[in-house]
$ cat target-v2.csv   # CSV, N, CA, C and O atoms
chain,number,residue,atom,x,y,z
A,1,LYS,N,-16.7,0.3,-1.1
A,1,LYS,CA,-15.5,1.1,-1.1
A,1,LYS,C,-15.2,1.5,0.4
A,1,LYS,O,-16.1,1.9,1.1
A,2,LEU,N,-13.9,1.3,0.8
A,2,LEU,CA,-13.5,1.7,2.1
A,2,LEU,C,-13.3,3.2,2.2
A,2,LEU,O,-12.5,3.8,1.4
A,3,LEU,N,-14.1,3.9,3.0
A,3,LEU,CA,-14.0,5.3,3.2
A,3,LEU,C,-13.0,5.7,4.2
A,3,LEU,O,-12.4,6.8,4.2
A,4,GLY,N,-12.9,4.9,5.3
A,4,GLY,CA,-12.0,5.2,6.4
A,4,GLY,C,-12.2,4.1,7.5
A,4,GLY,O,-13.0,3.3,7.4
A,5,ILE,N,-11.4,4.3,8.5
A,5,ILE,CA,-11.5,3.4,9.7
A,5,ILE,C,-11.7,4.2,10.9
A,5,ILE,O,-11.3,5.4,11.0
A,6,VAL,N,-12.2,3.6,12.0
A,6,VAL,CA,-12.4,4.2,13.3
A,6,VAL,C,-11.7,3.3,14.3
A,6,VAL,O,-12.0,2.1,14.3
A,7,ARG,N,-10.7,3.8,15.0
A,7,ARG,CA,-10.0,3.0,16.0
A,7,ARG,C,-10.7,3.1,17.3
A,7,ARG,O,-11.3,4.1,17.7
A,8,LEU,N,-10.6,2.1,18.1
A,8,LEU,CA,-11.2,2.0,19.4
A,8,LEU,C,-10.7,3.2,20.3
A,8,LEU,O,-11.5,3.7,21.1
A,9,GLU,N,-9.5,3.6,20.2
A,9,GLU,CA,-9.0,4.7,21.0
A,9,GLU,C,-9.7,6.0,20.7
A,9,GLU,O,-9.7,6.9,21.5
A,10,GLN,N,-10.3,6.1,19.5
A,10,GLN,CA,-11.0,7.3,19.1
A,10,GLN,C,-12.4,7.3,19.7
A,10,GLN,O,-13.0,8.3,20.0
A,11,VAL,N,-13.0,6.1,19.9
A,11,VAL,CA,-14.4,6.0,20.3
A,11,VAL,C,-14.5,6.0,21.8
A,11,VAL,O,-15.4,6.6,22.4
A,12,THR,N,-13.6,5.4,22.5
A,12,THR,CA,-13.7,5.2,24.0
A,12,THR,C,-13.9,6.5,24.7
A,12,THR,O,-14.8,6.6,25.5
A,13,PRO,N,-13.2,7.6,24.5
A,13,PRO,CA,-13.4,8.8,25.2
A,13,PRO,C,-14.8,9.4,25.0
A,13,PRO,O,-15.4,10.0,25.9
A,14,VAL,N,-15.3,9.2,23.8
A,14,VAL,CA,-16.6,9.8,23.4
A,14,VAL,C,-17.8,9.1,24.1
A,14,VAL,O,-18.8,9.7,24.5
A,15,LEU,N,-17.6,7.8,24.4
A,15,LEU,CA,-18.6,7.0,25.1
A,15,LEU,C,-19.0,7.5,26.4
A,15,LEU,O,-20.1,7.3,26.9
A,16,PHE,N,-18.1,8.2,27.1
A,16,PHE,CA,-18.3,8.7,28.5
A,16,PHE,C,-18.9,10.1,28.5
A,16,PHE,O,-19.0,10.7,29.5
A,17,GLU,N,-19.1,10.7,27.3
A,17,GLU,CA,-19.7,12.0,27.2
A,17,GLU,C,-21.0,11.9,26.3
A,17,GLU,O,-20.9,12.1,25.1
A,18,PRO,N,-22.1,11.6,26.9
A,18,PRO,CA,-23.3,11.3,26.1
A,18,PRO,C,-23.7,12.4,25.1
A,18,PRO,O,-24.1,12.1,24.0
A,19,LEU,N,-23.6,13.7,25.5
A,19,LEU,CA,-23.9,14.7,24.6
A,19,LEU,C,-23.0,14.7,23.3
A,19,LEU,O,-23.5,14.9,22.2
A,20,LEU,N,-21.8,14.5,23.6
A,20,LEU,CA,-20.8,14.4,22.5
A,20,LEU,C,-21.1,13.2,21.6
A,20,LEU,O,-21.1,13.3,20.4
A,21,ALA,N,-21.4,12.1,22.2
A,21,ALA,CA,-21.6,10.8,21.5
A,21,ALA,C,-22.9,11.0,20.6
A,21,ALA,O,-22.9,10.4,19.5
A,22,GLU,N,-23.9,11.7,21.0
A,22,GLU,CA,-25.1,11.9,20.3
A,22,GLU,C,-24.9,12.9,19.1
A,22,GLU,O,-25.6,12.9,18.2
A,23,SER,N,-23.9,13.8,19.2
A,23,SER,CA,-23.7,14.8,18.2
A,23,SER,C,-22.7,14.4,17.2
A,23,SER,O,-22.7,15.0,16.1
A,24,LEU,N,-21.8,13.5,17.5
A,24,LEU,CA,-20.7,13.2,16.6
A,24,LEU,C,-21.2,12.1,15.6
A,24,LEU,O,-22.0,11.2,15.9
A,25,LEU,N,-20.7,12.2,14.4
A,25,LEU,CA,-21.0,11.2,13.4
A,25,LEU,C,-19.7,10.3,13.2
A,25,LEU,O,-18.6,10.8,13.5
A,26,ILE,N,-19.9,9.1,12.7
A,26,ILE,CA,-18.7,8.3,12.5
A,26,ILE,C,-17.7,9.0,11.6
A,26,ILE,O,-16.5,8.9,11.8
A,27,PHE,N,-18.3,9.7,10.6
A,27,PHE,CA,-17.4,10.5,9.7
A,27,PHE,C,-16.5,11.4,10.4
A,27,PHE,O,-15.3,11.6,10.0
A,28,ASP,N,-16.9,12.0,11.6
A,28,ASP,CA,-16.1,12.9,12.4
A,28,ASP,C,-14.9,12.2,13.0
A,28,ASP,O,-13.8,12.8,13.2
A,29,LEU,N,-15.0,10.9,13.3
A,29,LEU,CA,-13.9,10.1,13.9
A,29,LEU,C,-13.1,9.3,12.9
A,29,LEU,O,-12.0,8.9,13.2
A,30,MET,N,-13.6,9.2,11.7
A,30,MET,CA,-13.0,8.3,10.7
A,30,MET,C,-11.7,8.9,10.2
A,30,MET,O,-11.5,10.2,10.1
A,31,GLU,N,-10.7,8.1,9.9
A,31,GLU,CA,-9.4,8.5,9.3
A,31,GLU,C,-9.1,7.6,8.2
A,31,GLU,O,-9.5,6.4,8.1
A,32,SER,N,-8.2,8.0,7.3
A,32,SER,CA,-7.7,7.2,6.2
A,32,SER,C,-6.8,6.1,6.8
A,32,SER,O,-6.0,6.4,7.7
A,33,PRO,N,-6.9,4.9,6.3
A,33,PRO,CA,-6.0,3.9,6.8
A,33,PRO,C,-4.6,4.2,6.4
A,33,PRO,O,-4.3,4.8,5.4
A,34,ARG,N,-3.6,3.8,7.3
A,34,ARG,CA,-2.2,4.1,7.0
A,34,ARG,C,-1.7,3.3,5.8
A,34,ARG,O,-0.9,3.8,5.0
A,35,THR,N,-2.2,2.1,5.7
A,35,THR,CA,-1.8,1.2,4.5
A,35,THR,C,-3.0,0.4,4.2
A,35,THR,O,-3.8,0.0,5.1
A,36,VAL,N,-3.2,0.0,3.0
A,36,VAL,CA,-4.3,-0.9,2.6
A,36,VAL,C,-3.6,-2.1,1.8
A,36,VAL,O,-2.8,-1.8,0.9
A,37,LEU,N,-3.8,-3.3,2.3
A,37,LEU,CA,-3.3,-4.4,1.6
A,37,LEU,C,-4.2,-4.9,0.5
A,37,LEU,O,-5.4,-4.6,0.5
A,38,SER,N,-3.6,-5.6,-0.5
A,38,SER,CA,-4.4,-6.1,-1.6
A,38,SER,C,-4.5,-7.6,-1.4
A,38,SER,O,-3.7,-8.2,-0.7
A,39,GLU,N,-5.5,-8.2,-1.9
A,39,GLU,CA,-5.8,-9.6,-1.7
A,39,GLU,C,-4.6,-10.5,-2.3
A,39,GLU,O,-4.4,-11.6,-1.9
A,40,ASP,N,-3.8,-10.0,-3.1
A,40,ASP,CA,-2.7,-10.7,-3.7
A,40,ASP,C,-1.3,-10.4,-3.0
A,40,ASP,O,-0.3,-10.9,-3.4
A,41,ASP,N,-1.4,-9.6,-1.9
A,41,ASP,CA,-0.1,-9.4,-1.2
A,41,ASP,C,0.3,-10.6,-0.4
A,41,ASP,O,-0.6,-11.4,0.1
A,42,ASP,N,1.6,-10.9,-0.3
A,42,ASP,CA,2.0,-12.0,0.5
A,42,ASP,C,2.1,-11.8,2.0
A,42,ASP,O,1.9,-10.6,2.4
A,43,LEU,N,2.3,-12.8,2.7
A,43,LEU,CA,2.4,-12.7,4.2
A,43,LEU,C,3.5,-11.8,4.6
A,43,LEU,O,3.3,-11.0,5.6
A,44,ALA,N,4.6,-11.8,4.0
A,44,ALA,CA,5.8,-11.0,4.3
A,44,ALA,C,5.4,-9.5,4.2
A,44,ALA,O,5.7,-8.7,5.1
A,45,ARG,N,4.7,-9.1,3.2
A,45,ARG,CA,4.2,-7.8,3.0
A,45,ARG,C,3.2,-7.4,4.1
A,45,ARG,O,3.3,-6.3,4.7
A,46,ALA,N,2.3,-8.3,4.5
A,46,ALA,CA,1.4,-8.0,5.5
A,46,ALA,C,2.1,-7.7,6.9
A,46,ALA,O,1.8,-6.8,7.6
A,47,VAL,N,3.0,-8.6,7.2
A,47,VAL,CA,3.7,-8.5,8.5
A,47,VAL,C,4.5,-7.2,8.5
A,47,VAL,O,4.5,-6.4,9.5
A,48,THR,N,5.2,-6.9,7.4
A,48,THR,CA,6.0,-5.7,7.3
A,48,THR,C,5.1,-4.4,7.5
A,48,THR,O,5.4,-3.5,8.2
A,49,ALA,N,4.0,-4.4,6.8
A,49,ALA,CA,3.0,-3.3,6.9
A,49,ALA,C,2.5,-3.1,8.3
A,49,ALA,O,2.4,-2.0,8.8
A,50,LEU,N,2.1,-4.2,8.9
A,50,LEU,CA,1.6,-4.2,10.3
A,50,LEU,C,2.7,-3.6,11.3
A,50,LEU,O,2.4,-2.7,12.1
A,51,GLU,N,3.9,-4.0,11.1
A,51,GLU,CA,5.0,-3.5,12.0
A,51,GLU,C,5.3,-2.0,11.7
A,51,GLU,O,5.5,-1.3,12.6
A,52,ARG,N,5.4,-1.7,10.4
A,52,ARG,CA,5.7,-0.3,10.0
A,52,ARG,C,4.6,0.7,10.5
A,52,ARG,O,4.9,1.8,11.0
A,53,CYS,N,3.3,0.2,10.4
A,53,CYS,CA,2.2,1.1,10.8
A,53,CYS,C,2.0,1.1,12.3
A,53,CYS,O,1.1,1.8,12.8
A,54,LYS,N,2.6,0.1,13.0
A,54,LYS,CA,2.4,0.0,14.4
A,54,LYS,C,0.9,-0.2,14.8
A,54,LYS,O,0.4,0.6,15.6
A,55,THR,N,0.3,-1.1,14.1
A,55,THR,CA,-1.1,-1.4,14.3
A,55,THR,C,-1.4,-2.9,14.4
A,55,THR,O,-0.5,-3.7,14.1
A,56,ASP,N,-2.5,-3.2,14.9
A,56,ASP,CA,-2.9,-4.6,15.0
A,56,ASP,C,-3.7,-5.2,13.9
A,56,ASP,O,-4.0,-6.4,13.8
A,57,PHE,N,-4.2,-4.3,13.0
A,57,PHE,CA,-5.0,-4.8,11.9
A,57,PHE,C,-4.8,-3.8,10.7
A,57,PHE,O,-4.5,-2.6,10.9
A,58,LEU,N,-5.1,-4.3,9.5
A,58,LEU,CA,-5.1,-3.5,8.3
A,58,LEU,C,-6.2,-3.9,7.4
A,58,LEU,O,-6.5,-5.1,7.3
A,59,PRO,N,-6.8,-3.0,6.7
A,59,PRO,CA,-7.8,-3.3,5.7
A,59,PRO,C,-7.2,-4.0,4.5
A,59,PRO,O,-6.1,-3.8,4.1
A,60,VAL,N,-8.0,-4.9,3.9
A,60,VAL,CA,-7.6,-5.6,2.7
A,60,VAL,C,-8.7,-5.3,1.6
A,60,VAL,O,-9.9,-5.3,1.8
A,61,LYS,N,-8.2,-5.0,0.4
A,61,LYS,CA,-9.1,-4.8,-0.8
A,61,LYS,C,-8.9,-5.8,-1.8
A,61,LYS,O,-7.8,-6.5,-1.9
A,62,LYS,N,-9.9,-6.0,-2.6
A,62,LYS,CA,-9.9,-6.9,-3.8
A,62,LYS,C,-9.1,-6.2,-4.9
A,62,LYS,O,-8.8,-5.0,-4.8
A,63,LEU,N,-8.7,-6.9,-5.9
A,63,LEU,CA,-7.9,-6.3,-7.0
A,63,LEU,C,-8.7,-5.2,-7.7
A,63,LEU,O,-8.2,-4.3,-8.2
A,64,ASN,N,-10.1,-5.3,-7.6
A,64,ASN,CA,-10.9,-4.3,-8.3
A,64,ASN,C,-11.1,-3.1,-7.3
A,64,ASN,O,-11.8,-2.2,-7.7
A,65,GLY,N,-10.5,-3.1,-6.1
A,65,GLY,CA,-10.5,-2.0,-5.2
A,65,GLY,C,-11.6,-2.1,-4.2
A,65,GLY,O,-11.7,-1.3,-3.3
A,66,LYS,N,-12.5,-3.1,-4.3
A,66,LYS,CA,-13.6,-3.3,-3.3
A,66,LYS,C,-13.0,-3.8,-2.0
A,66,LYS,O,-12.2,-4.7,-1.9
A,67,PHE,N,-13.5,-3.2,-0.9
A,67,PHE,CA,-13.1,-3.6,0.4
A,67,PHE,C,-13.5,-5.1,0.7
A,67,PHE,O,-14.6,-5.5,0.5
A,68,MET,N,-12.5,-5.9,1.2
A,68,MET,CA,-12.8,-7.3,1.6
A,68,MET,C,-13.0,-7.5,3.1
A,68,MET,O,-13.8,-8.3,3.5
A,69,GLY,N,-12.2,-6.8,3.9
A,69,GLY,CA,-12.2,-7.0,5.3
A,69,GLY,C,-10.9,-6.6,5.9
A,69,GLY,O,-10.1,-5.8,5.3
A,70,PHE,N,-10.6,-7.1,7.1
A,70,PHE,CA,-9.3,-6.8,7.8
A,70,PHE,C,-8.5,-8.0,8.0
A,70,PHE,O,-9.0,-9.1,8.2
A,71,VAL,N,-7.2,-7.8,8.0
A,71,VAL,CA,-6.3,-8.9,8.5
A,71,VAL,C,-5.7,-8.4,9.8
A,71,VAL,O,-5.3,-7.2,9.9
A,72,SER,N,-5.6,-9.3,10.7
A,72,SER,CA,-5.0,-8.8,12.0
A,72,SER,C,-3.7,-9.5,12.3
A,72,SER,O,-3.4,-10.6,11.8
A,73,ALA,N,-2.9,-8.9,13.1
A,73,ALA,CA,-1.6,-9.5,13.5
A,73,ALA,C,-1.9,-10.8,14.2
A,73,ALA,O,-1.1,-11.8,14.0
A,74,GLN,N,-2.9,-10.9,15.0
A,74,GLN,CA,-3.2,-12.1,15.7
A,74,GLN,C,-3.5,-13.2,14.8
A,74,GLN,O,-3.1,-14.3,15.0
A,75,ASP,N,-4.3,-13.0,13.7
A,75,ASP,CA,-4.6,-14.0,12.7
A,75,ASP,C,-3.3,-14.5,12.1
A,75,ASP,O,-3.2,-15.7,11.9
A,76,ILE,N,-2.4,-13.6,11.7
A,76,ILE,CA,-1.2,-14.0,11.1
A,76,ILE,C,-0.3,-14.9,12.0
A,76,ILE,O,0.2,-15.9,11.6
A,77,PHE,N,-0.2,-14.4,13.3
A,77,PHE,CA,0.7,-15.2,14.2
A,77,PHE,C,0.0,-16.5,14.5
A,77,PHE,O,0.7,-17.5,14.7
A,78,LYS,N,-1.3,-16.6,14.5
A,78,LYS,CA,-2.0,-17.9,14.8
A,78,LYS,C,-1.7,-18.8,13.6
A,78,LYS,O,-1.4,-20.0,13.8
A,79,LEU,N,-1.8,-18.3,12.4
A,79,LEU,CA,-1.4,-19.1,11.2
A,79,LEU,C,0.0,-19.6,11.3
A,79,LEU,O,0.3,-20.8,11.0
A,80,TYR,N,0.9,-18.7,11.6
A,80,TYR,CA,2.3,-19.0,11.7
A,80,TYR,C,2.6,-20.1,12.8
A,80,TYR,O,3.3,-21.1,12.5
A,81,ARG,N,2.0,-20.0,13.9
A,81,ARG,CA,2.1,-21.0,15.0
A,81,ARG,C,1.6,-22.4,14.5
A,81,ARG,O,2.2,-23.4,14.8
A,82,GLY,N,0.5,-22.4,13.8
A,82,GLY,CA,0.0,-23.6,13.2
A,82,GLY,C,1.0,-24.2,12.2
A,82,GLY,O,1.2,-25.5,12.2
A,83,LEU,N,1.6,-23.4,11.4
A,83,LEU,CA,2.6,-23.9,10.4
A,83,LEU,C,3.8,-24.5,11.1
A,83,LEU,O,4.3,-25.6,10.7
A,84,VAL,N,4.3,-23.8,12.2
A,84,VAL,CA,5.4,-24.3,12.9
A,84,VAL,C,5.1,-25.6,13.6
A,84,VAL,O,5.9,-26.5,13.5
A,85,ARG,N,3.9,-25.7,14.2
A,85,ARG,CA,3.6,-27.0,14.8
A,85,ARG,C,3.5,-28.1,13.9
A,85,ARG,O,3.9,-29.2,14.2
A,86,SER,N,2.9,-27.9,12.7
A,86,SER,CA,2.8,-29.0,11.7
A,86,SER,C,4.1,-29.4,11.2
A,86,SER,O,4.3,-30.6,10.8
A,87,GLU,N,5.1,-28.5,11.2
A,87,GLU,CA,6.5,-28.9,10.7
A,87,GLU,C,7.2,-29.7,11.8
A,87,GLU,O,8.1,-30.5,11.5
A,88,ASP,N,6.8,-29.5,13.0
A,88,ASP,CA,7.5,-30.2,14.1
A,88,ASP,C,7.1,-31.7,14.1
A,88,ASP,O,7.8,-32.5,14.7
A,89,TYR,N,6.0,-32.1,13.5
A,89,TYR,CA,5.6,-33.5,13.5
A,89,TYR,C,5.9,-34.2,12.3
A,89,TYR,O,6.4,-34.1,11.4
$ encode --input "target-v2.csv" --output "structure tokens"
Amino acid sequence: KLLGIVRLEQVTPVLFEPLLAESLLIFDLMESPRTVLSEDDDLARAVTALERCKTDFLPVKKLNGKFMGFVSAQDIFKLYRGLVRSEDY
């Protein structure tokens, strides 16, 4: 089960303060994801969610609610570029 996510922007400042880094738990930095995609969401929903949340990645869950992984804007655009190239030929 996905409990939360930690963004790089949250971790970076802590890395330069050793005492703080040793005393903080991941739980302290964790936040609820803005949106969670489902494995049966289509590409249009994923792109819309990424744009609306102004993020580069979103978590994806299985239909049973179990965490699957993340989808990134970079992965989607890479797929899209491949589709466009294949249609050109």
$ residues_near_point --input "target-v2.csv" --point "(-6.7, -7.5, 1.5)" --cutoff "7 Å" --atoms "all atoms listed in the file" --output "tab-separated table (two decimals) with N, CA, C and O atoms, in the frame of the given file"
chain	number	residue	atom	x	y	z
A	36	VAL	N	-3.20	0.00	3.00
A	36	VAL	CA	-4.30	-0.90	2.60
A	36	VAL	C	-3.60	-2.10	1.80
A	36	VAL	O	-2.80	-1.80	0.90
A	37	LEU	N	-3.80	-3.30	2.30
A	37	LEU	CA	-3.30	-4.40	1.60
A	37	LEU	C	-4.20	-4.90	0.50
A	37	LEU	O	-5.40	-4.60	0.50
A	38	SER	N	-3.60	-5.60	-0.50
A	38	SER	CA	-4.40	-6.10	-1.60
A	38	SER	C	-4.50	-7.60	-1.40
A	38	SER	O	-3.70	-8.20	-0.70
A	39	GLU	N	-5.50	-8.20	-1.90
A	39	GLU	CA	-5.80	-9.60	-1.70
A	39	GLU	C	-4.60	-10.50	-2.30
A	39	GLU	O	-4.40	-11.60	-1.90
A	40	ASP	N	-3.80	-10.00	-3.10
A	40	ASP	CA	-2.70	-10.70	-3.70
A	40	ASP	C	-1.30	-10.40	-3.00
A	40	ASP	O	-0.30	-10.90	-3.40
A	41	ASP	N	-1.40	-9.60	-1.90
A	41	ASP	CA	-0.10	-9.40	-1.20
A	41	ASP	C	0.30	-10.60	-0.40
A	41	ASP	O	-0.60	-11.40	0.10
A	58	LEU	N	-5.10	-4.30	9.50
A	58	LEU	CA	-5.10	-3.50	8.30
A	58	LEU	C	-6.20	-3.90	7.40
A	58	LEU	O	-6.50	-5.10	7.30
A	59	PRO	N	-6.80	-3.00	6.70
A	59	PRO	CA	-7.80	-3.30	5.70
A	59	PRO	C	-7.20	-4.00	4.50
A	59	PRO	O	-6.10	-3.80	4.10
A	60	VAL	N	-8.00	-4.90	3.90
A	60	VAL	CA	-7.60	-5.60	2.70
A	60	VAL	C	-8.70	-5.30	1.60
A	60	VAL	O	-9.90	-5.30	1.80
A	61	LYS	N	-8.20	-5.00	0.40
A	61	LYS	CA	-9.10	-4.80	-0.80
A	61	LYS	C	-8.90	-5.80	-1.80
A	61	LYS	O	-7.80	-6.50	-1.90
A	62	LYS	N	-9.90	-6.00	-2.60
A	62	LYS	CA	-9.90	-6.90	-3.80
A	62	LYS	C	-9.10	-6.20	-4.90
A	62	LYS	O	-8.80	-5.00	-4.80
A	68	MET	N	-12.50	-5.90	1.20
A	68	MET	CA	-12.80	-7.30	1.60
A	68	MET	C	-13.00	-7.50	3.10
A	68	MET	O	-13.80	-8.30	3.50
A	69	GLY	N	-12.20	-6.80	3.90
A	69	GLY	CA	-12.20	-7.00	5.30
A	69	GLY	C	-10.90	-6.60	5.90
A	69	GLY	O	-10.10	-5.80	5.30
A	70	PHE	N	-10.60	-7.10	7.10
A	70	PHE	CA	-9.30	-6.80	7.80
A	70	PHE	C	-8.50	-8.00	8.00
A	70	PHE	O	-9.00	-9.10	8.20
A	71	VAL	N	-7.20	-7.80	8.00
A	71	VAL	CA	-6.30	-8.90	8.50
A	71	VAL	C	-5.70	-8.40	9.80
A	71	VAL	O	-5.30	-7.20	9.90
$ residues_around --input "target-v2.csv" --residues "A:Val6" --least-positions-apart "3" --cutoff "7 Å" --atoms "only N, CA, C and O atoms" --output "PyMOL selection string"
chain A and resi 9-11+26+29-31
$ closest_residue --input "target-v2.csv" --among "A:Phe27, A:Leu63, A:Arg34, A:Gly4" --to "A:Ala49" --atoms "only N, CA, C and O atoms"
A:Arg34
$ select_by_dssp --input "target-v2.csv" --residues "stretch 13-69 of chain A" --states "strand (DSSP E or B)" --output "VMD selection string"
chain A and resid 31 37 to 38 57 to 61 67 to 69
$ closest_residue --input "target-v2.csv" --among "A:Ile5, A:Pro13, A:Asp56, A:Ala73" --to "A:Ala44" --atoms "only C-alpha atoms"
A:Ala73
